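Enquirer: Before we start, here is the structure in question, set down as structure tokens.
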Amino acid sequence: MNLQVLQEVTAFIWQEGDMLDHGEYDAWLALWAEKGTYIIPIDPNEEDFDNTLNYAYDDAHMRQKRVQRLIGGESISTSPRPRTVRTLSRFRVLADDGSRVTVRCAQNLREFRKDVLKHYSADIVYDLVRSEGGFSIERKLVRLINSDDALAGIGYIL
Amino acid sequence: MNNLIEAVNLECDPADLVQADRVHTSLYTDPKLFDAEMEKIFYSTWVWVAHVSEIPDAGSYKSTFIGKQPVIVVRDRKKAVHVLLNRCRHRGATVCEHKKGKTNSFVCPYHGWGYALDGSLRGIPHPDSYGDCLDKSELPLVSLRVEEYAGMLFATFKDDIEPLVDFLGPAKKWMDLFMKQGAGYGIKVPGEHRFRFPGNWKIQLENTTDAYHFPLVHKSFLHSVDQQTMDMLDFVGGSGYVEDLGNGHSVMVMIPDLVDLEANLDAPIPTRFEELAQELRDEGIEDMQVRRIVRAVGGSGFNLNLFPNVACSMAFFRVLQPISVNETEIHHSVITMDGGPAAANRYRLRLHEHFQGPMGFGTPDDSEAWERVQKGASAGEDLWIMLNRGLPGEKPSEDGLVSDVSAETGMRAAYQQWKKMMSV
């Protein structure tokens with residue numbers, strides 16, 4: 001096991017989580033590769049995300065729009081903004097070819113908004129490409145463990 | 001003896017709770033009214049259960065609910081559709097726990113009673129103990145009456161109500177128009193967004209023909225689309241209309257130009273579809289068919305509300321499932337062109353994700369507004385919900401009553417049907 005790679009990707013992913021919990025969206029948008037995709041599928045066994053229905057399938061344009069919606073103050077479901085704390089753990093490097101690292105980890109996220117506390121658990125698979133001074137996100141795949149259940153509105157970025 | 005206790009004992013006459021221009025707040029909040037609605041509405045009329053494409057083959061099934069009762073919608077070996085109560089006739093366990101799939105039979109996991117796709121009881125393990133006191137032909141899964149129009153399957157517990165086509169009446173022509181978004185390929189339902197909100201089911205029912213909320217609640221969505229789409233969705237104050245179609249059904253036409261997706265195929269292709277049109281041409285699809293596809297790809301210019309539980313809503317089916325007086329589950333079923341070009345279907349999938357679902361740019365704001373209605377309705381229990389918008393301009397039409405696009409005509413239609421059914 002290459003502990004140095006594990007430590008590098010863990011530090012990167014923790015930083016990403018911290019940015020999202022603290023609303024640092026410009027910094028978060030800058031973490032992405034140009035053609036990067038942010039995907040939240042419905043069917044736990046689905047692999048063809050292009051041709052099936054997802055909760056989110058964002059390219060750079062849609063990520064920008066999603067951030068704008070969260071901070072723009074025009075959406076009643078995101079004002080007041082939900083507070084989130086996410087814990088990321090159980091990191092495992094699935095593949096590393098020197099330029100691209102695939103990492104799987106566990107995310108437990110607590111959301112509080114108005115008078116309700118909610119909990120979402122997910123497996124996240126990151127495809128990270130090595131870039132100057134670190135990584136860029138090529139794909140972030142969030143598989144909620146209850147993705148095929150009826151959910152409530154999620155007014156933030158998982 | 002079973003009849004000594006009435007299942008529903010209402011303290012007031014439901015007819016007094018619905019006036020021509022308003023309904024009483026208790027329609028959102030009274031659990032006894034909710035119980036009565038299950039009996040008198042959901043178990044007494046045609047309720048939508050599936051689109052035919054969800055059960056394409058022999059043995060295909062989906063499980064769903066009619067009111068609070070779990071049912072299985074299944075196609076048998078001869079391709080006939082059955083709607084069966086999801087309850088073993090032995091000791092009551094559900095015989096199917098999957099949302100969809102394909103099977104040869106339904107076997108109860110508790111004692112192994114096996115049922116054929118048409119619901120008939122086929123096998124009982126260790127039958128000797130029953131001697132001659134059990135006749136398998138008397139214990140099939142309970143089968144409901146099922147009828148179809150335009151690919152939409154409806155079921156009912158009642159054998160004596162009117163045929164489905166009579167119940168739908170003038171809504172049928174709108175269903176036919178809606179299906180034109182298949183662009184000649186036919187309609188397919190390949191998936192859905194499911195979410196719940198803490199509010200009464202009728203709050204969502206109302207919303208389907210509520211143009212009034214759109215520019216306000218969906219401001220953040222409108223600011224996330226291109227200018228052309230934004231102009232198209234600026235329909236409040238436009239030339240659209242809402243029409244009461246009878247039996248609680250209604251249609252809201254937001255974009256009159258997109259009522260008939262097969263008309264005006266010679267018109268220039270809007271800029272926002274040009275890239276898709278080129279992709280389709282590059283695939284070798286001939287010009288007229290390309291025009292037909294791109295005109296259909298964004299859906300129809302109207303919402304058709306079918307009382308009580310389904311809507312043909314622009315580009316998707318909206319299904320509502322009451323959970324309790326203050327909780328409702330909504331399904332937004334995505335529609336694609338069955339066997340149509342993958343590029344066009346991807347366009348439809350991405351459009352659906354953009355607005356619908358728990359992470360869409362539209363649905364969560366609707367859901368928040370409905371939740372606020374339920375919360376606010378707990379105040380002032382003697383107050384009324386006002387539904388008089390568009391009343392002065394309302395006129396008789398060929399199919400019922402018509403008023404301006406943001407009139408509350410559709411809601412009044414639904415509540416008149418509610419009143420009629422609840423007063424029986």
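In the structure tokens, chains take the letters A, B, ... in the order shown, each chain's residues start at 1, and ligands count up from 1 in the order shown.
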Within 7 Å of chain A, which residues belong to chain B? Use only C-alpha atoms and report them as a PyMOL selection string.
Expert: chain B and resi 191+194-197+219-220+224+346+349+353+357-359+364-365+368
Enquirer: Would you kindly return, as a PDB file with all heavy atoms, in the first residue's frame, each protein, DNA or RNA residue with an atom no farther than 9 Å from any atom of Ile269 of chain B, considering only C-alpha atoms and excluding same-chain residues fewer than 5 positions away?
Expert:
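Saved the output as out_23.pdb:
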ATOM      1  N   GLU B 274     -30.251  23.927 -31.722  1.00  0.00           N
ATOM      2  CA  GLU B 274     -29.488  23.812 -32.971  1.00  0.00           C
ATOM      3  C   GLU B 274     -28.377  22.760 -32.879  1.00  0.00           C
ATOM      4  O   GLU B 274     -28.178  21.970 -33.801  1.00  0.00           O
ATOM      5  CB  GLU B 274     -28.922  25.188 -33.357  1.00  0.00           C
ATOM      6  CG  GLU B 274     -28.461  25.305 -34.784  1.00  0.00           C
ATOM      7  CD  GLU B 274     -29.345  24.580 -35.817  1.00  0.00           C
ATOM      8  OE1 GLU B 274     -30.498  25.001 -36.047  1.00  0.00           O
ATOM      9  OE2 GLU B 274     -28.853  23.595 -36.388  1.00  0.00           O
ATOM     10  N   ALA B 277     -29.953  19.402 -33.066  1.00  0.00           N
ATOM     11  CA  ALA B 277     -30.446  19.173 -34.431  1.00  0.00           C
ATOM     12  C   ALA B 277     -29.290  18.755 -35.344  1.00  0.00           C
ATOM     13  O   ALA B 277     -29.425  17.808 -36.133  1.00  0.00           O
ATOM     14  CB  ALA B 277     -31.125  20.428 -34.965  1.00  0.00           C
ATOM     15  N   ARG B 291     -36.701  17.791 -37.199  1.00  0.00           N
ATOM     16  CA  ARG B 291     -37.567  18.883 -36.735  1.00  0.00           C
ATOM     17  C   ARG B 291     -38.607  18.373 -35.745  1.00  0.00           C
ATOM     18  O   ARG B 291     -38.919  19.010 -34.742  1.00  0.00           O
ATOM     19  CB  ARG B 291     -38.276  19.531 -37.934  1.00  0.00           C
ATOM     20  CG  ARG B 291     -37.336  20.341 -38.773  1.00  0.00           C
ATOM     21  CD  ARG B 291     -37.950  20.814 -40.066  1.00  0.00           C
ATOM     22  NE  ARG B 291     -36.996  21.704 -40.717  1.00  0.00           N
ATOM     23  CZ  ARG B 291     -36.866  23.000 -40.427  1.00  0.00           C
ATOM     24  NH1 ARG B 291     -37.663  23.567 -39.539  1.00  0.00           N
ATOM     25  NH2 ARG B 291     -35.963  23.728 -41.022  1.00  0.00           N
ATOM     26  N   VAL B 294     -36.732  17.620 -32.339  1.00  0.00           N
ATOM     27  CA  VAL B 294     -36.321  18.774 -31.527  1.00  0.00           C
ATOM     28  C   VAL B 294     -37.531  19.578 -31.055  1.00  0.00           C
ATOM     29  O   VAL B 294     -37.503  20.180 -29.984  1.00  0.00           O
ATOM     30  CB  VAL B 294     -35.306  19.706 -32.233  1.00  0.00           C
ATOM     31  CG1 VAL B 294     -34.003  18.984 -32.479  1.00  0.00           C
ATOM     32  CG2 VAL B 294     -35.852  20.296 -33.499  1.00  0.00           C
ATOM     33  N   ARG B 295     -38.613  19.544 -31.821  1.00  0.00           N
ATOM     34  CA  ARG B 295     -39.807  20.242 -31.353  1.00  0.00           C
ATOM     35  C   ARG B 295     -40.413  19.514 -30.153  1.00  0.00           C
ATOM     36  O   ARG B 295     -41.000  20.126 -29.262  1.00  0.00           O
ATOM     37  CB  ARG B 295     -40.844  20.356 -32.484  1.00  0.00           C
ATOM     38  CG  ARG B 295     -42.015  21.253 -32.122  1.00  0.00           C
ATOM     39  CD  ARG B 295     -42.792  21.676 -33.347  1.00  0.00           C
ATOM     40  NE  ARG B 295     -44.194  21.928 -33.025  1.00  0.00           N
ATOM     41  CZ  ARG B 295     -44.657  23.033 -32.468  1.00  0.00           C
ATOM     42  NH1 ARG B 295     -43.834  24.013 -32.165  1.00  0.00           N
ATOM     43  NH2 ARG B 295     -45.948  23.175 -32.209  1.00  0.00           N
TER      44      ARG B 295
END
Enquirer: Find the spatial neighbours of Leu109 of chain A, counting only C-alpha atoms, within a cut-off of 6 Å - ignore same-chain residues fewer than 3 positions away - and output them as a list in words.
Expert: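 Result of the neighbour search: Val85, Arg86, His119 and Tyr120 of chain A.
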Enquirer: Can you list, as an NGL selection string, every protein, DNA or RNA residue that comes within 10 Å of segment 22-38 of chain A when you count only C-alpha atoms, leaving out same-chain residues fewer than 3 positions away?
Expert: :A and (12 or 15-19 or 41 or 56-64 or 67-68 or 70-71 or 81 or 83-85 or 126-129 or 131 or 134-142 or 156-158)
Enquirer: Would you put the residues from that selection into a file with C-alpha atoms, as a PDB file, in the first residue's frame?
Expert:
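After the write, again.pdb holds the following:
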ATOM      1  CA  PHE A  12      -7.192  16.748  -1.055  1.00  0.00           C
ATOM      2  CA  GLN A  15      -9.988  19.976   1.864  1.00  0.00           C
ATOM      3  CA  GLU A  16     -12.784  19.669  -0.696  1.00  0.00           C
ATOM      4  CA  GLY A  17     -15.249  18.641   2.032  1.00  0.00           C
ATOM      5  CA  ASP A  18     -14.191  21.513   4.234  1.00  0.00           C
ATOM      6  CA  MET A  19     -14.738  23.991   1.367  1.00  0.00           C
ATOM      7  CA  PRO A  41     -27.112   8.408  -9.595  1.00  0.00           C
ATOM      8  CA  ALA A  56     -27.457  15.365 -10.557  1.00  0.00           C
ATOM      9  CA  TYR A  57     -25.223  15.131 -13.600  1.00  0.00           C
ATOM     10  CA  ASP A  58     -23.256  18.363 -13.658  1.00  0.00           C
ATOM     11  CA  ASP A  59     -20.648  19.553 -16.089  1.00  0.00           C
ATOM     12  CA  ALA A  60     -18.746  22.796 -15.442  1.00  0.00           C
ATOM     13  CA  HIS A  61     -21.677  24.903 -16.631  1.00  0.00           C
ATOM     14  CA  MET A  62     -24.203  23.188 -14.359  1.00  0.00           C
ATOM     15  CA  ARG A  63     -21.843  23.241 -11.362  1.00  0.00           C
ATOM     16  CA  GLN A  64     -21.528  26.992 -11.785  1.00  0.00           C
ATOM     17  CA  VAL A  67     -23.459  27.199  -6.894  1.00  0.00           C
ATOM     18  CA  GLN A  68     -25.239  30.345  -8.081  1.00  0.00           C
ATOM     19  CA  LEU A  70     -27.223  28.031  -3.559  1.00  0.00           C
ATOM     20  CA  ILE A  71     -25.795  31.474  -2.882  1.00  0.00           C
ATOM     21  CA  ARG A  81     -28.933  28.036   3.766  1.00  0.00           C
ATOM     22  CA  ARG A  83     -25.710  23.998   7.529  1.00  0.00           C
ATOM     23  CA  THR A  84     -23.727  20.855   6.843  1.00  0.00           C
ATOM     24  CA  VAL A  85     -20.941  18.905   8.481  1.00  0.00           C
ATOM     25  CA  TYR A 126     -13.238  10.239  -6.986  1.00  0.00           C
ATOM     26  CA  ASP A 127     -11.293  10.175 -10.230  1.00  0.00           C
ATOM     27  CA  LEU A 128      -8.446  12.601  -9.613  1.00  0.00           C
ATOM     28  CA  VAL A 129      -5.913  13.686 -12.187  1.00  0.00           C
ATOM     29  CA  SER A 131      -2.009  18.516 -11.918  1.00  0.00           C
ATOM     30  CA  GLY A 134      -1.920  18.557  -6.535  1.00  0.00           C
ATOM     31  CA  PHE A 135      -5.035  17.122  -8.147  1.00  0.00           C
ATOM     32  CA  SER A 136      -8.042  18.122 -10.256  1.00  0.00           C
ATOM     33  CA  ILE A 137     -11.373  16.310  -9.974  1.00  0.00           C
ATOM     34  CA  GLU A 138     -12.235  14.500 -13.181  1.00  0.00           C
ATOM     35  CA  ARG A 139     -15.271  12.779 -11.739  1.00  0.00           C
ATOM     36  CA  LYS A 140     -16.989  12.727  -8.380  1.00  0.00           C
ATOM     37  CA  LEU A 141     -19.567   9.947  -8.107  1.00  0.00           C
ATOM     38  CA  VAL A 142     -21.779  10.085  -5.028  1.00  0.00           C
ATOM     39  CA  TYR A 156     -26.464  21.890  -0.999  1.00  0.00           C
ATOM     40  CA  ILE A 157     -23.657  19.989  -2.674  1.00  0.00           C
ATOM     41  CA  LEU A 158     -23.138  16.420  -1.480  1.00  0.00           C
TER      42      LEU A 158
END
Enquirer: Please return as a VMD selection string: the residues of segment 379-418 of chain B that backbone DSSP assigns to strand (DSSP E).
Expert: chain B and resid 384 to 386 395 to 396 401 to 404
Enquirer: Neighbouring residues of Asn108 of chain A were defined as those with any atom within 7 Å, considering only C-alpha atoms; residues of the same chain fewer than 2 positions away were excluded. Please report them as a PyMOL selection string.
Expert: chain A and resi 86-88+106+110+120-122
Enquirer: So that I have them on file, write out the residues from the current selection with N, CA, C and O atoms, as a JSON list (two decimals), in the first residue's frame.
Expert:
[["chain", "number", "residue", "atom", "x", "y", "z"],
["A", 86, "ARG", "N", -19.74, 17.31, 7.13],
["A", 86, "ARG", "CA", -19.52, 15.99, 6.53],
["A", 86, "ARG", "C", -18.25, 15.39, 7.08],
["A", 86, "ARG", "O", -17.24, 16.07, 7.28],
["A", 87, "THR", "N", -18.32, 14.10, 7.35],
["A", 87, "THR", "CA", -17.15, 13.37, 7.82],
["A", 87, "THR", "C", -16.76, 12.39, 6.72],
["A", 87, "THR", "O", -17.59, 11.60, 6.27],
["A", 88, "LEU", "N", -15.52, 12.49, 6.29],
["A", 88, "LEU", "CA", -15.03, 11.60, 5.22],
["A", 88, "LEU", "C", -13.99, 10.66, 5.80],
["A", 88, "LEU", "O", -13.09, 11.09, 6.53],
["A", 106, "ALA", "N", -15.92, 6.87, 2.33],
["A", 106, "ALA", "CA", -17.25, 6.95, 2.93],
["A", 106, "ALA", "C", -17.52, 8.39, 3.35],
["A", 106, "ALA", "O", -16.63, 9.06, 3.87],
["A", 110, "ARG", "N", -24.24, 15.40, 7.93],
["A", 110, "ARG", "CA", -25.37, 15.87, 8.74],
["A", 110, "ARG", "C", -25.79, 17.23, 8.21],
["A", 110, "ARG", "O", -24.95, 18.09, 7.96],
["A", 120, "TYR", "N", -27.27, 11.91, 5.70],
["A", 120, "TYR", "CA", -27.08, 11.18, 4.44],
["A", 120, "TYR", "C", -25.74, 10.47, 4.44],
["A", 120, "TYR", "O", -24.69, 11.10, 4.66],
["A", 121, "SER", "N", -25.76, 9.16, 4.18],
["A", 121, "SER", "CA", -24.52, 8.39, 4.05],
["A", 121, "SER", "C", -24.30, 8.04, 2.59],
["A", 121, "SER", "O", -25.25, 7.71, 1.88],
["A", 122, "ALA", "N", -23.06, 8.09, 2.18],
["A", 122, "ALA", "CA", -22.77, 7.79, 0.78],
["A", 122, "ALA", "C", -21.38, 7.20, 0.62],
["A", 122, "ALA", "O", -20.47, 7.49, 1.39]]
Enquirer: Between atom CA of Leu153 of chain B and atom CA of Arg87 of chain B, what distance in Å does the model show, to one decimal?
Expert: 20.8 Å
Enquirer: For Trp418 of chain B, which residue among B:Val23, B:Ile41, B:Val73, B:Leu144 is the nearest when counting only C-alpha atoms?
Expert: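 Looking only at the distances to Trp418 of chain B, the closest residue turns out to be B:Ile41.
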Enquirer: Near Val81 of chain B, counting only C-alpha atoms, which residues have an atom at most 12 Å away, once you skip same-chain residues fewer than 5 positions from it, shown as a CSV table (one decimal) with C-alpha atoms, in the first residue's frame?
Expert:
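Listing of selection.csv after writing:
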chain,number,residue,atom,x,y,z
B,49,VAL,CA,-50.9,2.8,-11.6
B,50,ALA,CA,-48.4,2.7,-14.5
B,51,HIS,CA,-47.4,3.6,-18.0
B,52,VAL,CA,-47.4,0.5,-20.3
B,53,SER,CA,-43.6,0.9,-21.0
B,54,GLU,CA,-42.9,0.2,-17.4
B,55,ILE,CA,-44.1,-3.4,-17.8
B,56,PRO,CA,-43.0,-4.1,-21.4
B,57,ASP,CA,-42.7,-7.9,-21.4
B,58,ALA,CA,-44.5,-11.0,-20.2
B,59,GLY,CA,-43.6,-11.2,-16.5
B,60,SER,CA,-42.6,-7.5,-16.1
B,61,TYR,CA,-44.0,-6.0,-13.0
B,62,LYS,CA,-43.9,-2.9,-10.8
B,72,ILE,CA,-48.5,-5.1,-8.1
B,73,VAL,CA,-49.0,-4.1,-11.8
B,74,VAL,CA,-47.9,-7.1,-13.9
B,75,ARG,CA,-48.1,-8.4,-17.4
B,76,ASP,CA,-49.0,-12.1,-17.7
B,117,LEU,CA,-48.8,-13.8,-13.0
B,118,ASP,CA,-52.6,-13.5,-13.3
B,119,GLY,CA,-52.9,-13.8,-9.5
B,143,SER,CA,-57.4,-8.7,-8.9
B,144,LEU,CA,-58.6,-5.1,-9.6
B,145,ARG,CA,-60.4,-3.8,-12.6
B,146,VAL,CA,-57.8,-2.3,-15.0
B,147,GLU,CA,-58.2,-0.2,-18.2
B,148,GLU,CA,-55.8,1.7,-20.4
B,151,GLY,CA,-50.6,3.9,-22.8
B,152,MET,CA,-51.6,5.1,-19.3
B,153,LEU,CA,-52.9,2.3,-17.1
B,154,PHE,CA,-55.6,2.9,-14.4
B,155,ALA,CA,-57.1,0.6,-11.9
Enquirer: How many Å lie between atom CA of Val18 of chain B and atom CA of Pro170 of chain B, rounded to one decimal?
Expert: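 That distance, rounded to one decimal, is 24.0 Å.
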Enquirer: Under the rule that only C-alpha atoms are counted, which of B:Pro396, B:Asp16, B:Thr29, B:Gly101 is the nearest residue to Ala379 of chain B?
Expert: B:Thr29
Enquirer: From the set B:Asp159, B:Asp282, B:Glu37, B:Asp210, which residue has the shortest atom-to-atom contact distance to Ser313 of chain B, counting only C-alpha atoms?
Expert: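 Ranked by minimum distance to Ser313 of chain B, first place goes to B:Asp210.
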Enquirer: Quick one: pull the distance between atom CA of Glu111 of chain A and atom CA of His352 of chain B, Å, one decimal.
Expert: 25.2 Å
